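Chemist: One file is attached below, run33.cif, containing mmCIF, C-alpha atoms.
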data_protein
#
loop_
_atom_site.label_atom_id
_atom_site.label_comp_id
_atom_site.auth_asym_id
_atom_site.auth_seq_id
_atom_site.Cartn_x
_atom_site.Cartn_y
_atom_site.Cartn_z
CA MET T 1 259.94 139.72 166.51
CA VAL T 2 260.51 142.55 164.00
CA ARG T 3 257.62 141.43 161.81
CA LEU T 4 255.33 141.07 164.82
CA THR T 5 256.30 144.55 166.04
CA LYS T 6 255.50 146.05 162.63
CA VAL T 7 252.09 144.38 162.66
CA GLU T 8 251.41 145.69 166.16
CA LEU T 9 252.50 149.18 165.15
CA ARG T 10 250.00 149.17 162.29
CA ARG T 11 247.28 147.97 164.64
CA LEU T 12 248.17 150.66 167.20
CA MET T 13 248.03 153.47 164.66
CA ALA T 14 244.78 152.17 163.17
CA ARG T 15 242.90 152.32 166.49
CA ARG T 16 240.31 155.06 166.98
CA LEU T 17 241.57 155.97 170.46
CA THR T 18 245.04 156.54 169.04
CA ALA T 19 243.63 158.99 166.50
CA VAL T 20 241.62 160.74 169.23
CA GLY T 21 244.69 160.88 171.46
CA LEU T 22 246.83 162.40 168.69
CA ALA T 23 244.14 164.99 168.00
CA GLY T 24 244.08 165.81 171.72
CA LEU T 25 247.87 166.21 171.78
CA PHE T 26 247.68 168.52 168.76
CA LEU T 27 244.99 170.63 170.45
CA ILE T 28 246.92 170.86 173.74
CA THR T 29 250.06 171.89 171.83
CA ILE T 30 248.19 174.69 170.06
CA LEU T 31 246.61 175.88 173.32
CA LEU T 32 250.03 175.86 175.02
CA LEU T 33 251.52 178.03 172.28
CA VAL T 34 248.54 180.39 172.39
CA ALA T 35 248.91 180.73 176.18
CA THR T 36 252.62 181.42 175.73
CA TRP T 37 251.80 184.15 173.22
CA PHE T 38 249.37 185.82 175.64
CA ASP T 39 251.89 185.62 178.50
CA ALA T 40 254.71 187.05 176.38
CA ARG T 41 252.79 190.08 175.14
CA PRO T 42 254.28 193.35 176.47
CA LEU T 43 252.19 195.89 178.36
CA SER T 44 250.03 198.32 176.46
CA ALA T 45 250.86 202.02 176.40
CA VAL T 46 248.27 202.72 179.11
CA GLU T 47 249.61 199.91 181.34
CA GLN T 48 253.19 201.14 180.87
CA GLN T 49 252.12 204.63 181.91
CA GLN T 50 250.43 203.25 185.03
CA ALA T 51 253.56 201.24 185.90
CA GLN T 52 255.70 204.38 185.53
CA GLN T 53 253.39 206.30 187.85
CA GLN T 54 253.54 203.54 190.45
CA TYR T 55 257.34 203.57 190.26
CA GLU T 56 257.51 207.32 190.73
CA MET T 57 255.22 207.17 193.76
CA ALA T 58 257.21 204.34 195.35
CA HIS T 59 260.54 206.06 194.67
CA LYS T 60 259.27 209.32 196.16
CA ASP T 61 258.13 207.47 199.28
CA TRP T 62 261.53 205.78 199.56
CA VAL T 63 263.39 209.06 199.30
CA GLU T 64 261.23 210.68 201.98
CA HIS T 65 261.01 207.84 204.48
CA ALA T 66 263.88 205.40 203.86
CA GLN T 67 266.12 206.70 206.65
CA GLU T 68 263.22 206.97 209.08
CA ILE T 69 262.14 203.39 208.41
CA ARG T 70 265.69 202.08 208.75
CA THR T 71 266.22 203.88 212.05
CA GLN T 72 263.00 202.44 213.46
CA CYS T 73 263.90 198.97 212.19
CA GLU T 74 267.33 199.10 213.85
CA ALA T 75 265.70 200.08 217.14
CA ASP T 76 263.28 197.16 216.81
CA TRP T 77 266.17 194.83 215.98
CA LYS T 78 268.00 195.73 219.20
CA THR T 79 264.96 194.71 221.25
CA GLN T 80 264.63 191.33 219.51
CA PRO T 81 265.38 188.30 221.73
CA ASP T 82 268.27 186.02 220.82
CA PRO T 83 268.73 184.32 218.46
CA LYS T 84 267.78 187.26 216.23
CA PRO T 85 268.21 187.61 212.46
CA LYS T 86 271.03 189.59 210.91
CA LEU T 87 270.51 193.34 210.83
CA GLU T 88 270.99 193.47 207.03
CA GLU T 89 268.29 190.85 206.52
CA MET T 90 265.73 192.37 208.86
CA CYS T 91 266.22 195.99 207.86
CA PHE T 92 266.74 195.59 204.13
CA TYR T 93 264.85 198.39 202.34
CA SER T 94 266.21 198.76 198.82
CA GLU T 95 265.63 201.61 196.44
CA PRO T 96 262.77 200.93 193.98
CA LYS T 97 263.84 200.44 190.36
CA PRO T 98 261.81 200.95 187.16
CA GLU T 99 262.18 197.29 186.19
CA ASP T 100 260.47 196.26 189.44
CA PHE T 101 257.21 197.72 188.16
CA GLY T 102 255.16 196.54 185.24
CA LYS T 103 255.71 193.32 183.38
CA PRO T 104 259.25 192.01 182.83
CA PRO T 105 260.06 190.69 179.35
CA THR T 106 259.58 186.98 178.78
CA VAL T 107 262.97 185.24 178.57
CA PHE T 108 263.06 182.11 176.42
CA ALA T 109 265.87 180.44 178.38
CA GLN T 110 263.91 180.85 181.62
CA ILE T 111 260.46 179.62 180.57
CA MET T 112 261.37 176.82 178.18
CA PRO T 113 262.58 174.19 180.69
CA GLU T 114 259.28 174.50 182.59
CA LEU T 115 257.28 174.24 179.36
CA LEU T 116 259.15 171.10 178.32
CA GLN T 117 258.64 169.56 181.74
CA GLY T 118 254.92 170.35 181.66
CA SER T 119 254.70 168.92 178.15
CA SER T 120 256.32 165.71 179.35
CA TYR T 121 253.42 165.23 181.78
CA PHE T 122 250.63 165.31 179.23
CA LEU T 123 252.68 163.28 176.75
CA ALA T 124 253.29 160.58 179.37
CA PHE T 125 249.62 160.54 180.37
CA ALA T 126 248.43 160.25 176.76
CA ALA T 127 250.96 157.49 176.06
CA PHE T 128 249.93 155.59 179.19
CA LEU T 129 246.23 155.90 178.34
CA ILE T 130 246.62 154.71 174.75
CA GLY T 131 249.04 151.95 175.78
CA ALA T 132 246.61 150.68 178.43
CA SER T 133 243.77 150.72 175.92
CA PHE T 134 245.93 148.95 173.35
CA LEU T 135 246.16 145.78 175.44
CA GLY T 136 243.17 146.23 177.70
CA ALA T 137 240.78 146.30 174.74
CA GLU T 138 242.20 143.05 173.37
CA PHE T 139 241.42 141.26 176.62
CA SER T 140 237.99 142.88 176.92
CA SER T 141 237.03 141.83 173.40
CA GLY T 142 238.74 138.43 173.47
CA ALA T 143 240.88 139.32 170.45
CA ILE T 144 244.04 138.30 172.27
CA GLY T 145 242.89 134.66 172.27
CA ASN T 146 242.42 134.70 168.51
CA TRP T 147 245.82 136.31 168.04
CA LEU T 148 247.53 133.61 170.10
CA THR T 149 246.14 130.94 167.78
CA PHE T 150 248.27 132.48 165.01
CA GLU T 151 251.32 133.17 167.20
CA PRO T 152 251.25 130.88 170.26
CA ARG T 153 254.63 132.03 171.61
CA ARG T 154 253.30 134.38 174.25
CA LEU T 155 256.51 136.14 175.21
CA ARG T 156 257.10 137.12 171.58
CA VAL T 157 253.58 138.49 171.39
CA TYR T 158 254.06 140.32 174.69
CA GLY T 159 257.40 141.79 173.66
CA SER T 160 256.13 142.91 170.26
CA LYS T 161 253.15 144.71 171.78
CA LEU T 162 255.31 146.57 174.30
CA LEU T 163 257.86 147.50 171.64
CA ALA T 164 255.12 148.73 169.34
CA ALA T 165 253.57 150.89 172.08
CA ALA T 166 256.93 152.34 173.12
CA THR T 167 258.45 152.95 169.68
CA GLY T 168 255.17 154.20 168.26
CA PHE T 169 255.23 157.17 170.61
CA VAL T 170 258.86 158.15 170.06
CA PRO T 171 258.26 160.12 166.82
CA ILE T 172 254.98 161.51 168.17
CA ALA T 173 256.62 162.88 171.31
CA ALA T 174 259.60 164.19 169.33
CA VAL T 175 257.36 166.11 166.92
CA VAL T 176 255.18 167.56 169.70
CA LEU T 177 258.18 168.73 171.73
CA ALA T 178 259.91 170.15 168.64
CA VAL T 179 256.79 172.15 167.75
CA ILE T 180 256.54 173.49 171.30
CA LEU T 181 260.26 174.31 171.44
CA PHE T 182 260.60 176.15 168.15
CA GLY T 183 257.09 177.62 168.28
CA THR T 184 257.86 179.14 171.68
CA PHE T 185 261.19 180.47 170.40
CA LEU T 186 259.49 182.25 167.49
CA ILE T 187 256.87 183.75 169.82
CA VAL T 188 259.38 184.95 172.43
CA ASP T 189 261.79 186.18 169.75
CA LYS T 190 259.04 188.52 168.52
CA LEU T 191 257.55 189.54 171.88
CA GLY T 192 260.24 188.89 174.48
CA ASP T 193 263.94 188.16 174.93
CA THR T 194 265.95 185.40 173.23
CA ALA T 195 269.37 187.06 173.52
CA SER T 196 270.47 184.73 176.33
CA THR T 197 269.76 181.59 174.28
CA THR T 198 273.32 180.31 173.90
CA GLY T 199 274.53 177.04 172.47
CA LYS T 200 274.62 175.58 175.98
CA VAL T 201 270.97 176.55 176.51
CA TRP T 202 269.98 174.80 173.28
CA GLY T 203 271.97 171.74 174.36
CA ASP T 204 270.26 171.63 177.76
CA LEU T 205 266.82 172.05 176.20
CA SER T 206 267.54 169.31 173.67
CA ALA T 207 268.60 167.00 176.51
CA ILE T 208 265.39 167.72 178.44
CA GLY T 209 263.37 167.04 175.29
CA GLY T 210 265.22 163.79 174.64
CA ARG T 211 264.57 162.56 178.16
CA ALA T 212 260.91 163.59 177.83
CA VAL T 213 260.67 161.45 174.67
CA LEU T 214 262.15 158.51 176.58
CA THR T 215 259.70 158.90 179.49
CA THR T 216 256.83 159.01 176.97
CA ALA T 217 257.98 155.69 175.51
CA LEU T 218 258.29 154.20 179.00
CA ALA T 219 254.80 155.44 179.90
CA ALA T 220 253.34 153.77 176.80
CA ALA T 221 255.02 150.46 177.68
CA LEU T 222 253.95 150.66 181.32
CA GLY T 223 250.40 151.51 180.27
CA SER T 224 250.35 148.43 178.10
CA VAL T 225 251.50 146.26 181.01
CA VAL T 226 248.88 147.74 183.37
CA GLY T 227 246.20 147.22 180.71
CA LEU T 228 247.32 143.60 180.41
CA LEU T 229 247.29 143.03 184.18
CA LEU T 230 243.89 144.63 184.78
CA ARG T 231 242.39 143.66 181.39
CA HIS T 232 240.41 146.87 181.15
CA THR T 233 241.29 150.43 180.13
CA ALA T 234 239.05 152.11 182.70
CA ALA T 235 240.57 150.01 185.49
CA ALA T 236 244.08 151.04 184.43
CA ILE T 237 243.12 154.72 184.46
CA GLY T 238 241.44 154.28 187.85
CA VAL T 239 244.59 152.77 189.34
CA VAL T 240 246.72 155.66 188.07
CA MET T 241 244.31 158.31 189.34
CA ALA T 242 244.09 156.60 192.74
CA TYR T 243 247.89 156.54 192.95
CA LEU T 244 248.17 160.23 192.06
CA VAL T 245 245.56 161.24 194.64
CA LEU T 246 246.53 158.93 197.50
CA ALA T 247 250.29 158.46 197.11
CA GLU T 248 251.42 161.67 195.40
CA GLY T 249 248.85 163.85 197.18
CA VAL T 250 247.88 162.58 200.63
CA PHE T 251 250.81 160.28 201.39
CA ALA T 252 253.48 162.75 200.24
CA ALA T 253 251.94 165.54 202.33
CA PHE T 254 252.08 163.51 205.57
CA LEU T 255 255.35 161.64 205.02
CA GLU T 256 257.63 164.22 203.47
CA LYS T 257 260.78 162.14 203.83
CA ALA T 258 259.25 159.45 201.61
CA GLN T 259 259.11 161.84 198.63
CA PRO T 260 262.34 160.51 197.03
CA TRP T 261 260.58 157.16 196.55
CA LEU T 262 257.51 158.50 194.75
CA VAL T 263 257.20 158.35 190.97
CA LYS T 264 256.58 162.01 190.19
CA LEU T 265 259.66 163.40 191.93
CA ASN T 266 261.88 160.80 190.27
CA PHE T 267 260.20 161.56 186.96
CA ASP T 268 261.04 165.25 187.43
CA ALA T 269 264.59 164.48 188.52
CA PHE T 270 265.17 162.44 185.37
CA VAL T 271 263.60 164.90 182.93
CA ARG T 272 265.11 168.07 184.46
CA HIS T 273 268.43 166.47 185.50
CA GLY T 274 267.67 166.98 189.18
CA ALA T 275 264.63 168.08 191.18
CA GLN T 276 264.07 170.16 194.31
CA TYR T 277 261.77 169.19 197.15
CA SER T 278 261.28 170.48 200.68
CA VAL T 279 261.00 168.76 204.03
CA THR T 280 260.17 170.12 207.47
CA GLU T 281 263.00 169.87 209.98
CA CYS T 282 262.35 170.76 213.60
CA LYS T 283 264.79 171.35 216.45
CA THR T 284 264.88 172.76 219.95
CA GLY T 285 266.38 176.25 220.22
CA SER T 286 268.85 177.46 222.85
CA ASP T 287 266.00 179.05 224.80
CA GLY T 288 264.01 175.80 224.84
CA SER T 289 261.64 176.80 222.03
CA TYR T 290 260.67 174.29 219.35
CA ILE T 291 261.55 175.69 215.91
CA CYS T 292 260.50 174.18 212.56
CA ASP T 293 261.77 175.24 209.17
CA TYR T 294 261.45 174.15 205.53
CA VAL T 295 264.69 172.75 204.14
CA GLN T 296 265.29 172.45 200.40
CA LYS T 297 266.77 169.16 199.24
CA THR T 298 267.83 167.90 195.83
CA LEU T 299 267.01 164.58 194.24
CA SER T 300 269.77 163.73 191.78
CA PHE T 301 269.41 162.78 188.14
CA GLU T 302 271.10 159.45 188.83
CA HIS T 303 268.54 158.58 191.50
CA GLY T 304 265.68 159.38 189.14
CA ALA T 305 267.23 157.41 186.27
CA TRP T 306 267.88 154.30 188.36
CA TYR T 307 264.45 154.52 189.97
CA LEU T 308 262.61 154.68 186.64
CA ALA T 309 264.79 151.97 185.11
CA ILE T 310 264.31 149.49 187.96
CA PHE T 311 260.60 150.29 188.26
CA THR T 312 260.07 149.73 184.52
CA VAL T 313 262.03 146.47 184.46
CA VAL T 314 260.14 145.08 187.46
CA VAL T 315 256.72 145.98 186.02
CA VAL T 316 257.60 144.61 182.56
CA LEU T 317 258.91 141.33 184.03
CA LEU T 318 255.79 141.01 186.17
CA GLY T 319 253.57 141.56 183.15
CA GLY T 320 255.51 139.02 181.12
CA TRP T 321 255.25 136.42 183.88
CA VAL T 322 251.50 136.98 184.27
CA PHE T 323 250.86 136.88 180.52
CA HIS T 324 252.91 133.71 180.17
CA ARG T 325 251.16 131.90 183.04
CA ARG T 326 247.60 133.21 183.15
CA ASP T 327 244.67 132.13 181.04
CA VAL T 328 243.74 134.83 178.55
CA ASN T 329 240.02 134.02 178.64
#
Using structure tokens, write down the structure from this file.
Modeler:
Amino acid sequence: MVRLTKVELRRLMARRLTAVGLAGLFLITILLLVATWFDARPLSAVEQQQAQQQYEMAHKDWVEHAQEIRTQCEADWKTQPDPKPKLEEMCFYSEPKPEDFGKPPTVFAQIMPELLQGSSYFLAFAAFLIGASFLGAEFSSGAIGNWLTFEPRRLRVYGSKLLAAATGFVPIAAVVLAVILFGTFLIVDKLGDTASTTGKVWGDLSAIGGRAVLTTALAAALGSVVGLLLRHTAAAIGVVMAYLVLAEGVFAAFLEKAQPWLVKLNFDAFVRHGAQYSVTECKTGSDGSYICDYVQKTLSFEHGAWYLAIFTVVVVLLGGWVFHRRDVN
């Protein structure tokens, strides 16, 4: 199995689509760092002066009219029908502060988790695409039949191809995420704020990156299985795009309570160690009115981990059964 996996790794890295995919990942990484640099740039002297003027105007208006506005708001609150909001919530009119105007400094500890999560998406997509092409092309060209004449034990061939696809993307994903992590730190350290980057923050970011590497490996293996089942790269991509549009887009919008069983939310819950989603809950008020509100819910890390693990095992077993039983021609 080890020798077969090494052979498959060499074949994977020698493919043209793999080289194109790696070039695409490199380009996306550079563009992401460039976008981070533009976002982290502080305001120019002219923009800072404009922000100061806006603050002074808003503060002057607050000083002149704050009490008048609060008095009017309290009068309006008394005429509100029950159940009415709290007075402090309805009539909250805080004093403007200078930091509320202009552009706040970019904080590394705040933006980096989102950047790592976004990076995990394009890494998983690239791994899935290349993995699907890795096996789909062998069926399209008929090369898999020739290969089985040299190694007729199909499950060994199947396992070696999946291992090669998964392990081949581990160092690639690790390097890409490391470049994004430390590149962003250098940019924000020069243009923004890195003072809050404690040891715990680095530990959390490293954990997110490690889980993103694991999901990239899983995506490569799943792409290989889908390529094997459909026997064509374009068909594998079409299935994924159809799922994203229909299930993650249309289906999730109409059946909100089914969100915990969709792939993307569980993917996010695993990578970010928990994910938030909202559902609409409606009830009848004391006055007979029908009230609907958005309620935030949390999908746990454990749910996401078990979901991805079971999903991967089922798909891999299905692919192995099909490859073992079905004619390759």
Chemist: Check the smallest atom-to-atom distance from each of T:Leu12, T:Met57, T:Ile130, T:Ile144 to Leu25 of chain T using all atoms listed in the file, then report the winner.
Modeler: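 Checking each candidate against Leu25 of chain T, we get T:Ile130 as the closest.
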Chemist: Hey, what's within 10 Å of Val201 of chain T if we count only C-alpha atoms and toss same-chain stuff fewer than 3 positions away? As a PyMOL selection string, please?
Modeler: chain T and resi 108-110+112-113+196-198+204-207
Chemist: Could you tell me which residues the PyMOL selection byres ((chain T and resi 313-323) around 9) grabs in this file, written as a list of chain:residue names?
Modeler: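 Output from the PyMOL selection byres ((chain T and resi 313-323) around 9), applied to this file: T:Arg154, T:Leu155, T:Tyr158, T:Gly159, T:Leu162, T:Ala221, T:Leu222, T:Val225, T:Val226, T:Leu228, T:Leu229, T:Leu308, T:Ala309, T:Ile310, T:Phe311, T:Thr312, T:His324, T:Arg325, T:Arg326, T:Asp327, T:Val328.
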Chemist: As a check of understanding, name the residues that the PyMOL selection byres ((chain T and resi 140) around 12) selects in the supplied structure, as a list of chain:residue names.
Modeler: T:Ala132, T:Ser133, T:Phe134, T:Leu135, T:Gly136, T:Ala137, T:Glu138, T:Phe139, T:Ser141, T:Gly142, T:Ala143, T:Ile144, T:Gly145, T:Gly227, T:Leu228, T:Leu229, T:Leu230, T:Arg231, T:His232, T:Thr233, T:Ala234, T:Ala235, T:Val328, T:Asn329
Chemist: If you count only C-alpha atoms, which residues fall within 10 Å of Ile111 of chain T, apart from same-chain ones fewer than 6 positions away, as a list of chain:residue names?
Modeler: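 Here the answer would be T:Thr36, T:Thr184, T:Val188.
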Chemist: Please compute the atom CA of Leu33 of chain T-atom CA of Gly183 of chain T distance, one decimal, in Å.
Modeler: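 Separation of atom CA of Leu33 of chain T and atom CA of Gly183 of chain T: 6.9 Å.
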Chemist: Choose the residue, out of T:Arg11, T:Gly304, T:Phe125, T:Val271, that has the smallest atom-to-atom separation from Leu244 of chain T; count all atoms listed in the file.
Modeler: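 For Leu244 of chain T, the nearest of the given residues is T:Phe125.
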Chemist: Give me the residues near Gln276 of chain T as a list in words, where near means some atom within 8 Å (using only C-alpha atoms) and where sequence neighbours in that chain fewer than 5 positions away do not count.
Modeler: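 Residues near the query, excluding close chain neighbours: Gln296, Lys297, Thr298 and Leu299 of chain T.
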Chemist: List as an MDAnalysis selection string the protein and nucleic acid residues near Asp39 of chain T, meaning an atom at most 10 Å away when only C-alpha atoms are counted, but skip any in the same chain fewer than 5 places from it.
Modeler: chainID T and resid 33:34 103 105:106 188 191:192
Chemist: For atom CA of Gly131 of chain T and atom CA of Phe182 of chain T, determine how far apart the two atoms are, in Å to one decimal place.
Modeler: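 Atom CA of Gly131 of chain T sits 27.9 Å away from atom CA of Phe182 of chain T.
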Chemist: In Å, how far is it from atom CA of Gly209 of chain T to atom CA of Leu27 of chain T?
Modeler: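 Atom CA of Leu27 of chain T lies 19.3 Å from atom CA of Gly209 of chain T.
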Chemist: So, counting only C-alpha atoms, which residue among T:Thr18, T:Thr194, T:Thr216, T:Ser120 is closest to Arg272 of chain T?
Modeler: T:Ser120
Chemist: The PyMOL selection byres ((chain T and resi 267-269) around 10) - which residues does that actually catch in the file I just gave you? List them as number ranges by chain.
Modeler: T: 117-118, 120-121, 211-212, 215, 260, 262-266, 270-276, 298-305, 307-308
Chemist: Can you pull out the residues contacting Ala174 of chain T? Cut-off 12 Å, using all atoms listed in the file, and skip same-chain residues under 2 positions away; I want them as a list in words.
Modeler: Leu116, Ser119, Ser120, Leu123, Thr167, Gly168, Phe169, Val170, Pro171, Ile172, Val176, Leu177, Ala178, Val179, Ile180, Leu181, Ser206, Ala207, Ile208, Gly209, Gly210, Arg211, Ala212, Val213, Leu214, Thr215, Thr216 and Ala217 of chain T
